[in-house]
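Chemist: Right, I'll just put the structure down here and ask away after.
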Amino acid sequence: MDERVAEAAESQAPPGRRGTNRWRRRAAVLLLAALPALAGLLLPAPAGAAVPADAPASAAPAAASAPQGTGSRSARISVNEVTPAVPGEGDTLTVSGTVTNTSGAALTQLRLTPRIGPSLGSRSAIEQAARRQGYLSGADGTEVSGGHGVRLPGLASGITRSFTLKIPVSDLHLGADGVYQLGVSLTGRTRTHPYDQVLGMGRTFLPWQEGGRPTTRLTYLWPLISTPHVTARTLSDKQQTPVFRDDSLVDELAPGGRLQQMLELGKDLDVTWVIDPDLLASVDFMAGRYRVHKSGGDPDETVPGKGQEYAQRWLADLQKAVRGKEVVALPFADPDLASLAHRGTTVRGALSSLGQATTLARRTVETVLQVKPTTDYAWPYEGAVDTSIVDVATSAGAHNVIARSDSVRDAALSYSPTAARPIGSGNTALVADERLSTAFEGDLSRAGASSRAVQQFLAQSLALAKQAPSRTRSVLVAPQRMPSVSQAQAMAAGIEAVSDSGWSRTSSLADTTRAKPDPRAQRRMPSPSSYPASLRRTELPTAAFEQVRKTKDGLDDFMAILSDTGRVMPPFSTAIDREVSNAWRGEARAARGYRDSVEDYLLELRGAVKLIKKSDITLSGREATIPVTVQNNLAQGVDGLVLELRSSRVGLDVGDPKRVKVDGEHTQSLKFDTTAKNNGRAYVYAQLYTEDGDRYGKVMKFQVNVTSITSTVLLVIAGGVLLIVLAGIRMYTQRKRSGPAPDPDAPLEQPEGPDGPEGPDGPDGGQDADGSDDGDANGNADADGTRGGSEGRSEADRDERDTVRESDNPPATGEKVDR
């Protein structure tokens, strides 16, 4: 393009200057072509830029500016296996692996060649070599002579091929004892760089020691720990069938599962078994009948578990594996000591369960495995310790605290000292080596990563032994708590290899604890402020310990009323231990869900003993009885509760508290004698209490309406009733004396008078048509009580009237009788 621009400029120039412009154009093109060569002369060759002698000078900077996936990173070489891991004189080293084209172009004329690098004189140099990527001339050593390389056909982009190299150890020309870098380089060409260059580099480590005696004693912890699986919920059957959160433990116990592999690999190793007793208890439950919470269902919806066969086989194999071996039992459920120390000490009762968890741990291991474990060791998360963590760890009875060297640093020493060192008050800190303890972390599922981890572990252990060859030191290795299957396999391979090495031998944890401490080793524990911030962020919050305390208090009140505490106490106490497990690190949501499930189930059980809702009542009188019913929906009886009524008004006395005792799945009605001093409405509050005076359940409120009657009203009513009774008696007596009643259908007999049958005044015998007597005009009676007409009455008439009034004949029909 530059040439075309120059030609265009020349065509526009005057004829006399076209020749001059032509020479200038040619000079500019030559200068542009020479720039890469000049840059290669002025700049040093970068890492990975292997330039053949016959290559053009402009080729060197091409590798220097190569992006990721080109140059010495065009191919990824994975060293998957090195056998023997610790070679000896006369052995033939076999190196196998794979090579993958990671660039976007085809690779041609390929050749794989083993390389041996210089001795790595320190543990830091080993770490630095492990982090190196791409080819680095000088640091990656020279090709092994003897024609041990192999040719490979061309590789298209993304294609992988395997390889195997066999190299006599004598051809490596190893010098003094130490750790050497063993590499495999891929040399080839690409379309854009048609000359031989290094396209990829794979590295591993080769520990080498011809003779000598072991100078280090290595103790390796082999942890059997899992996440919490069992809930606090059990069925109400006689066996108290446990309920699991899920059935994921089956996957760990099945062939090829994590725990099955830990057991299968560990049984042939000289290691110290570190066991969480909660795992043993869970597998023991699984070996029998158990239920699993139904995913997405209500808390009480369960399905049958299916892991009985795997659990039974795993327990039987574990009993054989640990027979005669050293077994350390952590406190039950592996409590998070750091979270307790930093977040839980301000919460009442947070530390009280540690001692109980240790006792339960010993009893569980002895029962399930039939061995006597050691419970004198505390293992804080990641081995990070400070003074507060040590105080909490030793408060549960443990006198030995397992720490790690990245937490307790020995800055004044040029070597790694013996793990044990006294820290006061009869306690010992066992400081595990950080590099060896973390050697098998990360993703080791790829064969290359696993082999690399094993070789690096061996290299670090040899470099540690070479630090002070005249000292015999006891070194502790405390790996991650829950290794994956690939990590466990790599761990086992590393332990086997180092056990066969000439620089180290295995030792028990008890021997490491009793080893003579290095007088220059650090014995002062770090302050709490130095605790790693990354770990502090994953701790259980203070709110978690507050929730645990609340659940404990509720459980204590519930236990006080039960007739059979053995059905409820063990499932809940172990569930509370699981709430503060190390397994919840980084699982804040799952931890909160587990705590909520325990608390909700306890509230559900407590709510099964309750007061039946009572409607408003009316009391007619000053003294009455109020019945209150207590219902018990539990499968067992309750005793130890007290029912108390309280009135909102002073004038209403609701009686004394009454003791409650109800059989399982029954109710009890308690009657309270009530006295009211006046009328009106009042609210009555019914509340259950424990014998210690703590409230139990919710208060029940109902209204009482008092309608009592005064004594004066009662006397008036009683007098009226008495008069009615006396009148009835008198009427009955009169009817009795008068004989039978006349026939109402018989004709009336008119009396014979001087003026005829009807008397002088007509047929009514002196009465008006309305039936009334004739009186004076105003209707007034005479002085003798009779009403006189205008002509008056004779004396004989008055006598006859008196006689008729006093006769025994009954009154006529319709006559009003004075009662």
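A note on labels: chains of the structure tokens are A, B, ... as shown, every chain counts residues from 1, and ligands are counted from 1 in their shown order.
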Report as a tab-separated table the residues of region 629-659 of chain A within 12 Å of region 568-586 of chain A, each with its shortest atom pair and distance in Å (one decimal), using only C-alpha atoms, ordered by chain and increasing residue number.
Modeler:
```
residue	atom	partner	partner_atom	distance
A:Leu634	CA	A:Val568	CA	11.1
A:Ala635	CA	A:Val568	CA	11.2
A:Gln636	CA	A:Val568	CA	10.6
```
Chemist: Using only C-alpha atoms, please write the residues we just selected to a file, as a PDB file, in the first residue's frame.
Modeler:
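So the final result, stored in part_39.pdb, reads:
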```
ATOM      1  CA  LEU A 634     -48.671 -34.912  71.452  1.00  0.00           C
ATOM      2  CA  ALA A 635     -48.162 -38.657  71.461  1.00  0.00           C
ATOM      3  CA  GLN A 636     -47.136 -38.504  75.135  1.00  0.00           C
TER       4      GLN A 636
END
```
Chemist: If you run DSSP on this backbone, which residues of region 141-192 of chain A come out as strand (DSSP E), and could you give them as number ranges by chain?
Modeler: A: 142-143, 150-152, 160-168, 178-189
Chemist: Now that the selection is made, can you save its residues with C-alpha atoms as a compact mmCIF listing (two decimals), in the first residue's frame?
Modeler:
```
# COMPACT_ATOMS: atom_id res chain seq x y z
CA THR A 142 18.04 -28.07 28.32
CA GLU A 143 16.79 -30.96 26.26
CA VAL A 150 9.11 -38.22 19.79
CA ARG A 151 7.66 -36.90 16.54
CA LEU A 152 3.99 -36.00 16.31
CA THR A 160 -5.54 -33.34 21.52
CA ARG A 161 -3.07 -36.23 21.31
CA SER A 162 -1.48 -38.31 24.01
CA PHE A 163 2.20 -39.12 24.37
CA THR A 164 4.57 -41.24 26.42
CA LEU A 165 8.26 -40.61 26.97
CA LYS A 166 10.68 -43.08 28.52
CA ILE A 167 13.87 -41.63 29.94
CA PRO A 168 16.60 -43.51 31.82
CA GLY A 178 17.26 -31.89 45.67
CA VAL A 179 14.22 -30.98 43.60
CA TYR A 180 14.58 -30.61 39.82
CA GLN A 181 12.15 -29.25 37.29
CA LEU A 182 11.21 -31.83 34.69
CA GLY A 183 9.67 -30.39 31.55
CA VAL A 184 8.27 -31.50 28.20
CA SER A 185 8.50 -29.01 25.33
CA LEU A 186 6.71 -29.03 21.99
CA THR A 187 8.69 -27.67 19.02
CA GLY A 188 7.07 -27.05 15.65
CA ARG A 189 5.97 -24.58 13.01
```
Chemist: Quote the spacing between CA of Phe545 (chain A) and CA of Glu604 (chain A) in Å to one decimal place.
Modeler: 21.0 Å
Chemist: When you count only C-alpha atoms, which of these residues is closest to Pro532 (chain A): A:Ser407, A:Thr241, A:Thr345, A:Thr100?
Modeler: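 Of A:Ser407, A:Thr241, A:Thr345, A:Thr100, the one nearest Pro532 (chain A), counting only C-alpha atoms, is A:Ser407.
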Chemist: Would you kindly return, as a ChimeraX atom specification, each protein, DNA or RNA residue with an atom no farther than 8 Å from any atom of region 373-387 of chain A, considering only C-alpha atoms and excluding same-chain residues fewer than 2 positions away?
Modeler: /A:326-331,336-338,358,361-362,365-366,371,389-391,393-394,397-404,406-408,432,480,525-528,530-532,582
Chemist: For those residues, write N, CA and C atoms to a file as a tab-separated table (two decimals), in the first residue's frame.
Modeler:
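Output below, filename selection30.tsv:
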```tsv
chain	number	residue	atom	x	y	z
A	326	GLU	N	-5.11	-44.93	64.94
A	326	GLU	CA	-5.34	-43.74	65.76
A	326	GLU	C	-6.58	-43.00	65.25
A	327	VAL	N	-7.55	-42.78	66.14
A	327	VAL	CA	-8.81	-42.13	65.78
A	327	VAL	C	-9.00	-40.91	66.67
A	328	VAL	N	-9.20	-39.76	66.04
A	328	VAL	CA	-9.49	-38.51	66.74
A	328	VAL	C	-10.94	-38.14	66.46
A	329	ALA	N	-11.71	-37.93	67.52
A	329	ALA	CA	-13.10	-37.53	67.39
A	329	ALA	C	-13.21	-36.03	67.67
A	330	LEU	N	-13.69	-35.29	66.68
A	330	LEU	CA	-13.99	-33.88	66.89
A	330	LEU	C	-15.25	-33.75	67.73
A	331	PRO	N	-15.49	-32.60	68.36
A	331	PRO	CA	-16.79	-32.42	69.04
A	331	PRO	C	-17.93	-32.66	68.06
A	336	ASP	N	-17.99	-24.63	64.80
A	336	ASP	CA	-17.15	-23.55	64.27
A	336	ASP	C	-16.59	-22.75	65.44
A	337	LEU	N	-15.39	-23.10	65.88
A	337	LEU	CA	-14.80	-22.47	67.05
A	337	LEU	C	-14.50	-20.99	66.81
A	338	ALA	N	-14.08	-20.65	65.60
A	338	ALA	CA	-13.76	-19.25	65.31
A	338	ALA	C	-15.02	-18.38	65.37
A	358	THR	N	-18.46	-32.70	73.15
A	358	THR	CA	-17.28	-33.55	73.27
A	358	THR	C	-17.65	-34.88	73.91
A	361	ALA	N	-19.48	-36.94	71.46
A	361	ALA	CA	-18.59	-37.43	70.41
A	361	ALA	C	-17.93	-38.74	70.82
A	362	ARG	N	-17.42	-38.77	72.03
A	362	ARG	CA	-16.76	-39.99	72.51
A	362	ARG	C	-17.75	-41.15	72.56
A	365	VAL	N	-18.66	-42.46	68.87
A	365	VAL	CA	-17.62	-43.23	68.21
A	365	VAL	C	-17.47	-44.60	68.85
A	366	GLU	N	-17.50	-44.64	70.17
A	366	GLU	CA	-17.38	-45.93	70.86
A	366	GLU	C	-18.54	-46.85	70.52
A	371	VAL	N	-14.41	-48.51	68.96
A	371	VAL	CA	-13.04	-48.11	69.27
A	371	VAL	C	-13.10	-46.93	70.23
A	389	ILE	N	-9.79	-17.75	69.92
A	389	ILE	CA	-10.14	-19.08	69.44
A	389	ILE	C	-9.53	-20.15	70.33
A	390	VAL	N	-8.29	-19.93	70.74
A	390	VAL	CA	-7.64	-20.89	71.64
A	390	VAL	C	-8.40	-20.98	72.96
A	391	ASP	N	-8.86	-19.85	73.49
A	391	ASP	CA	-9.62	-19.87	74.75
A	391	ASP	C	-10.92	-20.67	74.60
A	393	ALA	N	-11.53	-23.02	72.30
A	393	ALA	CA	-11.21	-24.41	72.02
A	393	ALA	C	-10.86	-25.18	73.29
A	394	THR	N	-10.09	-24.56	74.15
A	394	THR	CA	-9.67	-25.24	75.37
A	394	THR	C	-10.76	-25.25	76.44
A	397	GLY	N	-12.42	-28.61	76.96
A	397	GLY	CA	-11.61	-29.72	77.46
A	397	GLY	C	-10.50	-30.15	76.55
A	398	ALA	N	-10.40	-29.57	75.36
A	398	ALA	CA	-9.30	-29.91	74.45
A	398	ALA	C	-8.04	-29.16	74.87
A	399	HIS	N	-6.93	-29.88	74.95
A	399	HIS	CA	-5.65	-29.26	75.34
A	399	HIS	C	-4.70	-29.09	74.16
A	400	ASN	N	-5.12	-29.55	72.98
A	400	ASN	CA	-4.28	-29.45	71.79
A	400	ASN	C	-5.08	-28.78	70.68
A	401	VAL	N	-4.55	-27.70	70.15
A	401	VAL	CA	-5.21	-26.93	69.11
A	401	VAL	C	-4.42	-27.06	67.81
A	402	ILE	N	-5.07	-27.53	66.76
A	402	ILE	CA	-4.43	-27.70	65.45
A	402	ILE	C	-4.51	-26.38	64.69
A	403	ALA	N	-3.36	-25.79	64.42
A	403	ALA	CA	-3.29	-24.53	63.69
A	403	ALA	C	-2.55	-24.76	62.38
A	404	ARG	N	-2.22	-23.67	61.68
A	404	ARG	CA	-1.49	-23.78	60.42
A	404	ARG	C	-0.45	-22.69	60.35
A	406	ASP	N	0.49	-20.59	58.15
A	406	ASP	CA	0.18	-19.27	57.62
A	406	ASP	C	-0.58	-18.43	58.64
A	407	SER	N	-0.97	-19.02	59.77
A	407	SER	CA	-1.60	-18.28	60.86
A	407	SER	C	-0.61	-18.03	61.99
A	408	VAL	N	0.16	-19.06	62.34
A	408	VAL	CA	1.22	-18.92	63.35
A	408	VAL	C	2.55	-18.95	62.60
A	432	ALA	N	0.42	-27.01	61.67
A	432	ALA	CA	0.58	-27.79	60.44
A	432	ALA	C	1.29	-26.96	59.38
A	480	GLN	N	-7.70	-30.06	53.67
A	480	GLN	CA	-9.05	-29.54	53.71
A	480	GLN	C	-9.99	-30.55	54.37
A	525	MET	N	0.32	-16.83	70.38
A	525	MET	CA	-0.77	-16.89	69.42
A	525	MET	C	-1.12	-15.49	68.92
A	526	PRO	N	-1.56	-15.38	67.69
A	526	PRO	CA	-1.90	-14.05	67.13
A	526	PRO	C	-3.08	-13.43	67.87
A	527	SER	N	-3.22	-12.14	67.73
A	527	SER	CA	-4.36	-11.43	68.31
A	527	SER	C	-5.57	-11.59	67.41
A	528	PRO	N	-6.77	-11.39	67.94
A	528	PRO	CA	-7.99	-11.51	67.10
A	528	PRO	C	-8.00	-10.56	65.91
A	530	SER	N	-5.73	-9.99	63.87
A	530	SER	CA	-4.95	-10.54	62.75
A	530	SER	C	-5.67	-11.68	62.04
A	531	TYR	N	-6.86	-12.03	62.51
A	531	TYR	CA	-7.61	-13.12	61.86
A	531	TYR	C	-7.93	-12.70	60.42
A	532	PRO	N	-7.75	-13.58	59.45
A	532	PRO	CA	-7.93	-13.20	58.04
A	532	PRO	C	-9.34	-12.66	57.77
A	582	ASN	N	-18.94	-26.17	61.31
A	582	ASN	CA	-18.02	-25.59	60.31
A	582	ASN	C	-18.52	-25.80	58.89
```
Chemist: Write out as a PDB file with C-alpha atoms, in the first residue's frame which residues come within 10 Å of Val609 (chain A) when counting only C-alpha atoms, dropping same-chain ones fewer than 3 positions away.
Modeler:
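Done, and the output landed in around-v7.pdb:
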```pdb
ATOM      1  CA  PHE A 558     -40.707 -27.994  76.557  1.00  0.00           C
ATOM      2  CA  ILE A 561     -43.544 -30.623  80.824  1.00  0.00           C
ATOM      3  CA  GLU A 604     -44.965 -26.906  66.163  1.00  0.00           C
ATOM      4  CA  LEU A 605     -44.486 -29.400  68.995  1.00  0.00           C
ATOM      5  CA  ARG A 606     -44.966 -26.780  71.682  1.00  0.00           C
ATOM      6  CA  ILE A 612     -58.904 -24.318  73.285  1.00  0.00           C
ATOM      7  CA  VAL A 630     -56.312 -27.662  77.680  1.00  0.00           C
ATOM      8  CA  GLN A 631     -55.642 -29.797  74.590  1.00  0.00           C
ATOM      9  CA  ASN A 632     -52.626 -32.111  74.180  1.00  0.00           C
ATOM     10  CA  ASN A 633     -52.034 -33.342  70.618  1.00  0.00           C
ATOM     11  CA  LEU A 634     -48.671 -34.912  71.452  1.00  0.00           C
ATOM     12  CA  GLY A 637     -48.576 -37.011  78.261  1.00  0.00           C
ATOM     13  CA  VAL A 638     -47.605 -33.627  79.673  1.00  0.00           C
ATOM     14  CA  LEU A 641     -47.870 -26.851  83.482  1.00  0.00           C
ATOM     15  CA  VAL A 662     -53.056 -34.224  80.275  1.00  0.00           C
ATOM     16  CA  GLY A 664     -51.266 -37.851  75.101  1.00  0.00           C
ATOM     17  CA  GLU A 665     -53.893 -36.979  72.495  1.00  0.00           C
ATOM     18  CA  HIS A 666     -56.397 -35.986  75.204  1.00  0.00           C
ATOM     19  CA  THR A 667     -57.958 -32.835  76.642  1.00  0.00           C
ATOM     20  CA  LEU A 688     -50.166 -21.527  80.668  1.00  0.00           C
ATOM     21  CA  TYR A 696     -45.884 -21.366  77.717  1.00  0.00           C
ATOM     22  CA  GLY A 697     -47.785 -20.737  74.521  1.00  0.00           C
TER      23      GLY A 697
END
```
Chemist: Using DSSP assignments from the backbone, pull out every residue in region 343-505 of chain A that falls under alpha helix (DSSP H) and give it to me as a ChimeraX atom specification.
Modeler: /A:353-369,387-395,434-437,447-467,485-499
Chemist: Please provide as JSON, numbers by chain all residues within 9 Å of Asp246 (chain A), with the sequence filter that same-chain residues fewer than 6 positions apart are discarded (counting only C-alpha atoms).
Modeler: {"A": [229, 230, 291, 292, 293, 294, 295, 305]}
Chemist: Need the shell around Arg446 (chain A): protein/DNA/RNA residues with any atom at most 12 Å away, counting only C-alpha atoms. Skip same-chain ones fewer than 4 positions apart. Format as an mmCIF file with C-alpha atoms, in the first residue's frame?
Modeler:
```
data_model
loop_
_atom_site.group_PDB
_atom_site.id
_atom_site.type_symbol
_atom_site.label_atom_id
_atom_site.label_comp_id
_atom_site.auth_asym_id
_atom_site.auth_seq_id
_atom_site.Cartn_x
_atom_site.Cartn_y
_atom_site.Cartn_z
ATOM 1 C CA SER A 78 -0.327 -31.781 30.393
ATOM 2 C CA VAL A 79 2.010 -34.145 32.246
ATOM 3 C CA ASN A 80 -0.515 -36.686 33.535
ATOM 4 C CA GLU A 81 1.751 -39.234 35.142
ATOM 5 C CA GLY A 97 0.443 -36.913 29.095
ATOM 6 C CA THR A 98 -1.420 -35.041 26.395
ATOM 7 C CA GLY A 442 -8.373 -26.839 43.803
ATOM 8 C CA SER A 450 -3.587 -34.430 39.955
ATOM 9 C CA SER A 451 -0.131 -35.638 38.918
ATOM 10 C CA ARG A 452 1.264 -32.132 39.232
ATOM 11 C CA ALA A 453 -0.126 -31.840 42.781
ATOM 12 C CA VAL A 485 -12.849 -37.688 45.102
ATOM 13 C CA SER A 486 -10.022 -36.461 42.865
ATOM 14 C CA GLN A 487 -8.392 -34.626 45.746
ATOM 15 C CA GLN A 489 -7.000 -39.851 45.239
ATOM 16 C CA ALA A 490 -4.158 -37.370 44.823
#
```
Chemist: Using only C-alpha atoms, determine which residues lie at most 10 Å from region 249-252 of chain A, disregarding the query and same-chain residues fewer than 4 positions distant; provide the list as a list in words.
Modeler: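 Skipping anything fewer than 4 positions along the chain leaves Ser226, Thr227, Pro228, His229, Phe244, Arg245, Gly256, Gly257, Arg258, Leu259, Gln260, Gln261, Met262, Leu279, Ser282, Val283, Met286, Gly305, Lys306, Gly307, Gln308, Glu309, Tyr310, Ala311 and Val485 of chain A.
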